[in-house]
file model01.cif (mmCIF, N, CA and C atoms)
data_structure
#
loop_
_atom_site.label_atom_id
_atom_site.label_comp_id
_atom_site.auth_asym_id
_atom_site.auth_seq_id
_atom_site.Cartn_x
_atom_site.Cartn_y
_atom_site.Cartn_z
N MET Q 44 -59.52 -39.47 50.82
CA MET Q 44 -58.93 -40.38 49.84
C MET Q 44 -59.88 -40.55 48.66
N MET Q 45 -59.31 -40.58 47.48
CA MET Q 45 -60.08 -40.82 46.27
C MET Q 45 -59.56 -42.10 45.61
N ASP Q 46 -60.50 -42.94 45.21
CA ASP Q 46 -60.05 -44.14 44.52
C ASP Q 46 -59.58 -43.74 43.13
N CYS Q 47 -58.77 -44.62 42.55
CA CYS Q 47 -58.13 -44.32 41.28
C CYS Q 47 -57.70 -45.64 40.64
N PHE Q 48 -57.50 -45.61 39.35
CA PHE Q 48 -57.01 -46.78 38.62
C PHE Q 48 -55.63 -46.50 38.05
N VAL Q 49 -54.78 -47.51 38.09
CA VAL Q 49 -53.54 -47.52 37.32
C VAL Q 49 -53.88 -48.38 36.10
N TYR Q 50 -53.59 -47.88 34.91
CA TYR Q 50 -53.99 -48.62 33.71
C TYR Q 50 -52.79 -48.86 32.80
N LEU Q 51 -52.96 -49.85 31.94
CA LEU Q 51 -51.99 -50.18 30.90
C LEU Q 51 -52.76 -50.23 29.59
N ILE Q 52 -52.37 -49.37 28.68
CA ILE Q 52 -53.02 -49.26 27.37
C ILE Q 52 -51.98 -49.55 26.30
N CYS Q 53 -52.40 -50.23 25.24
CA CYS Q 53 -51.50 -50.47 24.11
C CYS Q 53 -52.31 -50.39 22.81
N HIS Q 54 -51.62 -50.57 21.71
CA HIS Q 54 -52.30 -50.63 20.43
C HIS Q 54 -53.08 -51.95 20.35
N GLU Q 55 -54.19 -51.91 19.66
CA GLU Q 55 -55.03 -53.10 19.51
C GLU Q 55 -54.20 -54.28 19.02
N GLY Q 56 -54.49 -55.45 19.56
CA GLY Q 56 -53.75 -56.65 19.22
C GLY Q 56 -52.54 -56.85 20.11
N ARG Q 57 -52.53 -56.12 21.23
CA ARG Q 57 -51.45 -56.20 22.22
C ARG Q 57 -50.09 -55.91 21.59
N ARG Q 58 -50.05 -54.76 20.89
CA ARG Q 58 -48.79 -54.32 20.27
C ARG Q 58 -48.27 -53.09 20.99
N GLN Q 59 -46.94 -52.93 20.95
CA GLN Q 59 -46.35 -51.75 21.56
C GLN Q 59 -46.53 -50.54 20.65
N PRO Q 60 -46.39 -49.37 21.16
CA PRO Q 60 -45.95 -49.02 22.50
C PRO Q 60 -47.07 -49.18 23.53
N VAL Q 61 -46.70 -49.06 24.79
CA VAL Q 61 -47.68 -49.13 25.87
C VAL Q 61 -47.68 -47.81 26.63
N LYS Q 62 -48.80 -47.53 27.26
CA LYS Q 62 -48.93 -46.34 28.09
C LYS Q 62 -49.36 -46.79 29.48
N VAL Q 63 -48.66 -46.29 30.48
CA VAL Q 63 -49.03 -46.55 31.87
C VAL Q 63 -49.38 -45.21 32.48
N GLY Q 64 -50.58 -45.14 33.04
CA GLY Q 64 -51.03 -43.90 33.65
C GLY Q 64 -52.05 -44.17 34.74
N ILE Q 65 -52.63 -43.10 35.26
CA ILE Q 65 -53.66 -43.21 36.29
C ILE Q 65 -54.86 -42.37 35.89
N SER Q 66 -56.01 -42.79 36.34
CA SER Q 66 -57.24 -42.06 36.05
C SER Q 66 -58.35 -42.55 36.97
N ARG Q 67 -59.30 -41.67 37.22
CA ARG Q 67 -60.50 -42.10 37.95
C ARG Q 67 -61.46 -42.78 36.99
N SER Q 68 -61.36 -42.46 35.69
CA SER Q 68 -62.21 -43.07 34.67
C SER Q 68 -61.34 -43.57 33.52
N VAL Q 69 -61.05 -44.85 33.51
CA VAL Q 69 -60.19 -45.42 32.47
C VAL Q 69 -60.88 -45.31 31.11
N GLU Q 70 -62.18 -45.54 31.07
CA GLU Q 70 -62.90 -45.45 29.79
C GLU Q 70 -62.82 -44.03 29.22
N GLY Q 71 -62.97 -43.04 30.09
CA GLY Q 71 -62.86 -41.65 29.66
C GLY Q 71 -61.46 -41.33 29.17
N ARG Q 72 -60.47 -41.83 29.88
CA ARG Q 72 -59.08 -41.60 29.49
C ARG Q 72 -58.77 -42.26 28.16
N LEU Q 73 -59.25 -43.49 27.97
CA LEU Q 73 -59.06 -44.19 26.70
C LEU Q 73 -59.67 -43.38 25.57
N GLY Q 74 -60.86 -42.85 25.79
CA GLY Q 74 -61.53 -42.05 24.76
C GLY Q 74 -60.74 -40.81 24.39
N SER Q 75 -60.18 -40.13 25.39
CA SER Q 75 -59.41 -38.92 25.08
C SER Q 75 -58.11 -39.26 24.36
N LEU Q 76 -57.48 -40.37 24.73
CA LEU Q 76 -56.26 -40.79 24.04
C LEU Q 76 -56.57 -41.24 22.61
N GLN Q 77 -57.70 -41.92 22.44
CA GLN Q 77 -58.06 -42.43 21.11
C GLN Q 77 -58.30 -41.30 20.13
N THR Q 78 -58.85 -40.19 20.62
CA THR Q 78 -59.15 -39.05 19.76
C THR Q 78 -57.90 -38.56 19.02
N GLY Q 79 -56.76 -38.56 19.68
CA GLY Q 79 -55.54 -38.07 19.06
C GLY Q 79 -54.64 -39.14 18.51
N ASN Q 80 -55.13 -40.37 18.38
CA ASN Q 80 -54.28 -41.47 17.95
C ASN Q 80 -54.90 -42.16 16.74
N PRO Q 81 -54.16 -42.30 15.64
CA PRO Q 81 -54.73 -42.95 14.45
C PRO Q 81 -54.85 -44.46 14.59
N HIS Q 82 -54.19 -45.05 15.59
CA HIS Q 82 -54.25 -46.49 15.80
C HIS Q 82 -55.27 -46.81 16.89
N LYS Q 83 -56.00 -47.89 16.71
CA LYS Q 83 -56.97 -48.33 17.71
C LYS Q 83 -56.22 -48.73 18.97
N LEU Q 84 -56.67 -48.20 20.11
CA LEU Q 84 -56.06 -48.50 21.40
C LEU Q 84 -56.95 -49.43 22.20
N GLU Q 85 -56.34 -50.17 23.11
CA GLU Q 85 -57.13 -51.02 24.01
C GLU Q 85 -56.52 -51.01 25.40
N VAL Q 86 -57.39 -51.10 26.39
CA VAL Q 86 -56.95 -51.23 27.78
C VAL Q 86 -56.70 -52.71 28.00
N ILE Q 87 -55.49 -53.05 28.42
CA ILE Q 87 -55.23 -54.47 28.65
C ILE Q 87 -55.20 -54.83 30.13
N PHE Q 88 -55.06 -53.83 31.00
CA PHE Q 88 -55.11 -54.15 32.42
C PHE Q 88 -55.36 -52.89 33.23
N THR Q 89 -56.11 -53.04 34.32
CA THR Q 89 -56.32 -51.95 35.26
C THR Q 89 -56.14 -52.49 36.67
N PHE Q 90 -55.59 -51.66 37.53
CA PHE Q 90 -55.50 -51.94 38.96
C PHE Q 90 -56.32 -50.88 39.66
N TRP Q 91 -57.29 -51.28 40.45
CA TRP Q 91 -58.03 -50.33 41.27
C TRP Q 91 -57.24 -50.08 42.54
N THR Q 92 -57.15 -48.82 42.94
CA THR Q 92 -56.54 -48.49 44.22
C THR Q 92 -57.51 -47.60 44.99
N PRO Q 93 -57.55 -47.75 46.29
CA PRO Q 93 -58.47 -46.94 47.09
C PRO Q 93 -57.94 -45.53 47.33
N ASP Q 94 -56.74 -45.25 46.84
CA ASP Q 94 -56.05 -44.02 47.21
C ASP Q 94 -55.28 -43.48 46.00
N PHE Q 95 -55.52 -42.24 45.64
CA PHE Q 95 -54.82 -41.58 44.53
C PHE Q 95 -53.31 -41.63 44.74
N HIS Q 96 -52.85 -41.43 45.97
CA HIS Q 96 -51.41 -41.38 46.24
C HIS Q 96 -50.73 -42.72 45.95
N LEU Q 97 -51.41 -43.82 46.27
CA LEU Q 97 -50.86 -45.14 45.94
C LEU Q 97 -50.78 -45.31 44.43
N ALA Q 98 -51.84 -44.94 43.72
CA ALA Q 98 -51.84 -45.04 42.26
C ALA Q 98 -50.70 -44.22 41.67
N LYS Q 99 -50.53 -43.01 42.15
CA LYS Q 99 -49.47 -42.12 41.65
C LYS Q 99 -48.08 -42.71 41.93
N GLU Q 100 -47.91 -43.32 43.09
CA GLU Q 100 -46.62 -43.93 43.42
C GLU Q 100 -46.32 -45.12 42.51
N VAL Q 101 -47.33 -45.94 42.24
CA VAL Q 101 -47.13 -47.09 41.34
C VAL Q 101 -46.76 -46.58 39.95
N GLU Q 102 -47.51 -45.60 39.45
CA GLU Q 102 -47.24 -45.02 38.13
C GLU Q 102 -45.82 -44.43 38.08
N SER Q 103 -45.48 -43.62 39.06
CA SER Q 103 -44.16 -42.98 39.09
C SER Q 103 -43.03 -44.00 39.17
N THR Q 104 -43.22 -45.04 39.98
CA THR Q 104 -42.21 -46.08 40.11
C THR Q 104 -42.00 -46.79 38.78
N PHE Q 105 -43.10 -47.12 38.10
CA PHE Q 105 -42.98 -47.76 36.78
C PHE Q 105 -42.22 -46.84 35.83
N HIS Q 106 -42.61 -45.57 35.78
CA HIS Q 106 -41.97 -44.63 34.86
C HIS Q 106 -40.47 -44.50 35.15
N GLU Q 107 -40.10 -44.40 36.42
CA GLU Q 107 -38.69 -44.28 36.80
C GLU Q 107 -37.91 -45.56 36.46
N ASN Q 108 -38.50 -46.71 36.77
CA ASN Q 108 -37.82 -47.98 36.54
C ASN Q 108 -37.65 -48.30 35.06
N ASN Q 109 -38.45 -47.68 34.21
CA ASN Q 109 -38.42 -48.00 32.78
C ASN Q 109 -38.06 -46.80 31.92
N ALA Q 110 -37.34 -45.86 32.51
CA ALA Q 110 -36.96 -44.63 31.80
C ALA Q 110 -36.20 -44.93 30.51
N ASP Q 111 -35.42 -46.00 30.50
CA ASP Q 111 -34.65 -46.33 29.31
C ASP Q 111 -35.53 -46.80 28.14
N SER Q 112 -36.78 -47.14 28.42
CA SER Q 112 -37.72 -47.57 27.38
C SER Q 112 -38.74 -46.48 27.03
N ARG Q 113 -38.63 -45.33 27.67
CA ARG Q 113 -39.59 -44.24 27.44
C ARG Q 113 -39.42 -43.69 26.02
N MET Q 114 -40.54 -43.60 25.32
CA MET Q 114 -40.53 -43.02 23.98
C MET Q 114 -40.84 -41.52 24.07
N SER Q 115 -41.96 -41.24 24.75
CA SER Q 115 -42.41 -39.86 24.91
C SER Q 115 -43.48 -39.86 25.99
N GLY Q 116 -43.38 -38.92 26.93
CA GLY Q 116 -44.40 -38.83 27.97
C GLY Q 116 -44.55 -40.13 28.73
N GLU Q 117 -45.74 -40.68 28.69
CA GLU Q 117 -46.04 -41.93 29.40
C GLU Q 117 -46.09 -43.13 28.47
N TRP Q 118 -45.52 -43.02 27.28
CA TRP Q 118 -45.50 -44.10 26.30
C TRP Q 118 -44.13 -44.77 26.33
N PHE Q 119 -44.15 -46.12 26.34
CA PHE Q 119 -42.94 -46.90 26.47
C PHE Q 119 -42.83 -47.95 25.37
N ALA Q 120 -41.62 -48.14 24.89
CA ALA Q 120 -41.33 -49.17 23.88
C ALA Q 120 -41.11 -50.49 24.60
N LEU Q 121 -42.20 -51.07 25.07
CA LEU Q 121 -42.18 -52.36 25.76
C LEU Q 121 -43.30 -53.22 25.20
N GLU Q 122 -43.03 -54.50 25.12
CA GLU Q 122 -44.11 -55.43 24.76
C GLU Q 122 -45.14 -55.39 25.89
N PRO Q 123 -46.42 -55.43 25.57
CA PRO Q 123 -47.45 -55.33 26.60
C PRO Q 123 -47.32 -56.34 27.74
N ASP Q 124 -46.99 -57.59 27.43
CA ASP Q 124 -46.86 -58.59 28.50
C ASP Q 124 -45.69 -58.27 29.42
N MET Q 125 -44.60 -57.77 28.86
CA MET Q 125 -43.45 -57.38 29.68
C MET Q 125 -43.81 -56.16 30.53
N ALA Q 126 -44.51 -55.20 29.93
CA ALA Q 126 -44.92 -54.01 30.68
C ALA Q 126 -45.85 -54.39 31.82
N LEU Q 127 -46.75 -55.33 31.57
CA LEU Q 127 -47.67 -55.78 32.61
C LEU Q 127 -46.89 -56.42 33.76
N ALA Q 128 -45.94 -57.28 33.44
CA ALA Q 128 -45.15 -57.93 34.50
C ALA Q 128 -44.38 -56.88 35.31
N LYS Q 129 -43.83 -55.89 34.64
CA LYS Q 129 -43.09 -54.83 35.35
C LYS Q 129 -44.03 -53.97 36.19
N LEU Q 130 -45.22 -53.70 35.68
CA LEU Q 130 -46.19 -52.91 36.43
C LEU Q 130 -46.65 -53.66 37.67
N VAL Q 131 -46.93 -54.94 37.53
CA VAL Q 131 -47.31 -55.78 38.67
C VAL Q 131 -46.18 -55.80 39.69
N GLY Q 132 -44.94 -55.88 39.21
CA GLY Q 132 -43.80 -55.88 40.11
C GLY Q 132 -43.72 -54.59 40.92
N CYS Q 133 -43.98 -53.45 40.29
CA CYS Q 133 -43.98 -52.16 41.01
C CYS Q 133 -45.08 -52.14 42.06
N PHE Q 134 -46.26 -52.57 41.66
CA PHE Q 134 -47.42 -52.59 42.56
C PHE Q 134 -47.14 -53.50 43.76
N ALA Q 135 -46.61 -54.70 43.47
CA ALA Q 135 -46.33 -55.66 44.54
C ALA Q 135 -45.24 -55.15 45.48
N ALA Q 136 -44.19 -54.53 44.93
CA ALA Q 136 -43.10 -54.03 45.77
C ALA Q 136 -43.59 -52.95 46.73
N ILE Q 137 -44.43 -52.06 46.24
CA ILE Q 137 -44.96 -50.99 47.09
C ILE Q 137 -45.88 -51.57 48.16
N LEU Q 138 -46.74 -52.49 47.77
CA LEU Q 138 -47.63 -53.12 48.76
C LEU Q 138 -46.83 -53.91 49.78
N GLN Q 139 -45.82 -54.62 49.31
CA GLN Q 139 -45.02 -55.42 50.23
C GLN Q 139 -44.28 -54.51 51.22
N ARG Q 140 -43.77 -53.40 50.74
CA ARG Q 140 -43.12 -52.44 51.63
C ARG Q 140 -44.10 -51.93 52.68
N ASP Q 141 -45.31 -51.59 52.22
CA ASP Q 141 -46.31 -51.03 53.13
C ASP Q 141 -46.93 -52.06 54.05
N LEU Q 142 -47.03 -53.30 53.59
CA LEU Q 142 -47.66 -54.35 54.39
C LEU Q 142 -46.64 -55.23 55.10
N GLY Q 143 -45.37 -54.94 54.91
CA GLY Q 143 -44.34 -55.80 55.48
C GLY Q 143 -44.27 -57.09 54.68
N HIS Q 144 -43.97 -58.16 55.35
CA HIS Q 144 -43.84 -59.44 54.65
C HIS Q 144 -45.03 -60.35 54.93
N ASP Q 145 -46.19 -59.74 55.15
CA ASP Q 145 -47.42 -60.50 55.38
C ASP Q 145 -47.96 -60.94 54.02
N GLN Q 146 -47.57 -62.15 53.60
CA GLN Q 146 -47.92 -62.66 52.27
C GLN Q 146 -49.43 -62.72 52.06
N ALA Q 147 -50.18 -63.12 53.07
CA ALA Q 147 -51.64 -63.21 52.92
C ALA Q 147 -52.24 -61.83 52.69
N ALA Q 148 -51.77 -60.83 53.42
CA ALA Q 148 -52.27 -59.46 53.24
C ALA Q 148 -51.90 -58.93 51.86
N LEU Q 149 -50.70 -59.24 51.40
CA LEU Q 149 -50.26 -58.81 50.07
C LEU Q 149 -51.14 -59.42 48.99
N GLU Q 150 -51.36 -60.71 49.07
CA GLU Q 150 -52.20 -61.37 48.06
C GLU Q 150 -53.63 -60.85 48.12
N ALA Q 151 -54.15 -60.59 49.32
CA ALA Q 151 -55.51 -60.04 49.45
C ALA Q 151 -55.59 -58.66 48.84
N ALA Q 152 -54.58 -57.82 49.06
CA ALA Q 152 -54.58 -56.47 48.49
C ALA Q 152 -54.52 -56.53 46.97
N LEU Q 153 -53.69 -57.40 46.42
CA LEU Q 153 -53.62 -57.54 44.97
C LEU Q 153 -54.93 -58.06 44.41
N SER Q 154 -55.52 -59.01 45.09
CA SER Q 154 -56.79 -59.56 44.65
C SER Q 154 -57.88 -58.50 44.67
N ALA Q 155 -57.94 -57.70 45.73
CA ALA Q 155 -58.94 -56.65 45.86
C ALA Q 155 -58.78 -55.60 44.78
N SER Q 156 -57.56 -55.42 44.28
CA SER Q 156 -57.31 -54.41 43.26
C SER Q 156 -57.74 -54.90 41.88
N GLY Q 157 -58.10 -56.17 41.77
CA GLY Q 157 -58.45 -56.73 40.47
C GLY Q 157 -57.26 -57.41 39.82
N ALA Q 158 -56.15 -57.45 40.52
CA ALA Q 158 -54.93 -58.02 39.97
C ALA Q 158 -54.81 -59.48 40.34
N THR Q 159 -55.79 -60.28 39.97
CA THR Q 159 -55.78 -61.69 40.36
C THR Q 159 -54.58 -62.41 39.76
N GLU Q 160 -54.18 -62.06 38.53
CA GLU Q 160 -53.00 -62.66 37.93
C GLU Q 160 -51.75 -62.24 38.69
N ALA Q 161 -51.80 -61.04 39.24
CA ALA Q 161 -50.64 -60.49 39.94
C ALA Q 161 -50.33 -61.26 41.22
N ALA Q 162 -51.35 -61.74 41.89
CA ALA Q 162 -51.12 -62.46 43.15
C ALA Q 162 -50.21 -63.67 42.91
N ALA Q 163 -50.38 -64.34 41.79
CA ALA Q 163 -49.55 -65.49 41.48
C ALA Q 163 -48.09 -65.08 41.23
N LEU Q 164 -47.88 -63.88 40.72
CA LEU Q 164 -46.53 -63.43 40.43
C LEU Q 164 -45.73 -63.10 41.68
N VAL Q 165 -46.40 -62.76 42.76
CA VAL Q 165 -45.67 -62.40 43.98
C VAL Q 165 -45.68 -63.51 45.01
N ARG Q 166 -46.39 -64.60 44.71
CA ARG Q 166 -46.41 -65.74 45.62
C ARG Q 166 -45.02 -66.36 45.66
N PRO Q 167 -44.49 -66.62 46.85
CA PRO Q 167 -43.14 -67.19 46.91
C PRO Q 167 -43.08 -68.55 46.23
N LYS Q 168 -41.98 -68.79 45.56
CA LYS Q 168 -41.75 -70.08 44.90
C LYS Q 168 -41.35 -71.10 45.94
N ARG Q 169 -42.06 -72.19 46.03
CA ARG Q 169 -41.76 -73.24 47.00
C ARG Q 169 -40.59 -74.10 46.48
N GLY Q 170 -39.72 -74.46 47.38
CA GLY Q 170 -38.63 -75.36 47.02
C GLY Q 170 -37.44 -74.65 46.40
N LEU Q 171 -37.52 -73.35 46.19
CA LEU Q 171 -36.39 -72.61 45.63
C LEU Q 171 -35.74 -71.80 46.73
N HIS Q 172 -34.49 -72.00 46.95
CA HIS Q 172 -33.78 -71.27 48.02
C HIS Q 172 -32.60 -70.52 47.45
#

call {"tool": "encode", "arguments": {"input": "model01.cif", "output": "structure tokens"}}
result
Amino acid sequence: MMDCFVYLICHEGRRQPVKVGISRSVEGRLGSLQTGNPHKLEVIFTFWTPDFHLAKEVESTFHENNADSRMSGEWFALEPDMALAKLVGCFAAILQRDLGHDQAALEAALSASGATEAAALVRPKRGLH
């Protein structure tokens, strides 16, 4: 198993379009993307995964779920905050499927990935039925 990152990159100032991809070196990937882009890019979120296959599944799921917003390749016409929420949703759904409905394990996995904001998004809402 190789660890890997799922990343979300956008134009500086949190402007669209956004790019969702995977890399072992997000800084290196940002540098290679910046070379061919006249606009300043920034990484707005990364998820660490202990396994390339998990990272690839999260990336592929996001790409499939947002095909209607795809501009070209891995670039999407989505506001960065919306893209982040959708990416967290893909990550959480895959983890929940793999971990079952063990909420504590799900939150721990999200936390370990660096997705501390994500844990709050998948926490069940109390009092809502």

call {"tool": "residues_around", "arguments": {"input": "model01.cif", "residues": "Q:Val49", "least_positions_apart": "4", "cutoff": "6 Å", "atoms": "only N, CA and C atoms", "output": "list of chain:residue names"}}
result
Q:Gly64, Q:Ile65, Q:Ser66, Q:Phe88, Q:Thr89, Q:Phe90, Q:Trp91, Q:Thr92, Q:Ala98

call {"tool": "write_last_selection", "arguments": {"input": "model01.cif", "atoms": "N, CA and C atoms", "output": "compact mmCIF listing (two decimals), in the coordinates of the input"}}
result
# COMPACT_ATOMS: atom_id res chain seq x y z
N GLY Q 64 -50.58 -45.14 33.04
CA GLY Q 64 -51.03 -43.90 33.65
C GLY Q 64 -52.05 -44.17 34.74
N ILE Q 65 -52.63 -43.10 35.26
CA ILE Q 65 -53.66 -43.21 36.29
C ILE Q 65 -54.86 -42.37 35.89
N SER Q 66 -56.01 -42.79 36.34
CA SER Q 66 -57.24 -42.06 36.05
C SER Q 66 -58.35 -42.55 36.97
N PHE Q 88 -55.06 -53.83 31.00
CA PHE Q 88 -55.11 -54.15 32.42
C PHE Q 88 -55.36 -52.89 33.23
N THR Q 89 -56.11 -53.04 34.32
CA THR Q 89 -56.32 -51.95 35.26
C THR Q 89 -56.14 -52.49 36.67
N PHE Q 90 -55.59 -51.66 37.53
CA PHE Q 90 -55.50 -51.94 38.96
C PHE Q 90 -56.32 -50.88 39.66
N TRP Q 91 -57.29 -51.28 40.45
CA TRP Q 91 -58.03 -50.33 41.27
C TRP Q 91 -57.24 -50.08 42.54
N THR Q 92 -57.15 -48.82 42.94
CA THR Q 92 -56.54 -48.49 44.22
C THR Q 92 -57.51 -47.60 44.99
N ALA Q 98 -51.84 -44.94 43.72
CA ALA Q 98 -51.84 -45.04 42.26
C ALA Q 98 -50.70 -44.22 41.67

call {"tool": "residues_around", "arguments": {"input": "model01.cif", "residues": "stretch 120-136 of chain Q", "least_positions_apart": "3", "cutoff": "7 Å", "atoms": "only C-alpha atoms", "output": "PyMOL selection string"}}
result
chain Q and resi 53+57-61+101+104-105+112-114+139-140+161+165

call {"tool": "atom_distance", "arguments": {"input": "model01.cif", "atom1": "atom N of Q:Ser68", "atom2": "atom C of Q:Asp111"}}
result
27.3 Å

call {"tool": "atom_distance", "arguments": {"input": "model01.cif", "atom1": "atom CA of Q:Asp46", "atom2": "atom N of Q:His106"}}
result
19.6 Å

call {"tool": "atom_distance", "arguments": {"input": "model01.cif", "atom1": "atom CA of Q:Leu84", "atom2": "atom CA of Q:Glu100"}}
result
24.4 Å

call {"tool": "closest_residue", "arguments": {"input": "model01.cif", "among": "Q:Lys62, Q:Gly79, Q:Asp94, Q:Arg72", "to": "Q:Cys47", "atoms": "only C-alpha atoms"}}
result
Q:Asp94

call {"tool": "closest_residue", "arguments": {"input": "model01.cif", "among": "Q:Trp118, Q:His96, Q:Glu102, Q:Leu76", "to": "Q:Tyr50", "atoms": "all atoms listed in the file"}}
result
Q:Glu102

call {"tool": "resolve_selection", "arguments": {"input": "model01.cif", "expression": "the PyMOL selection byres (((chain Q and resi 86 and name CA) around 6) and name CA)", "output": "ChimeraX atom specification"}}
result
/Q:51-52,85,87-88
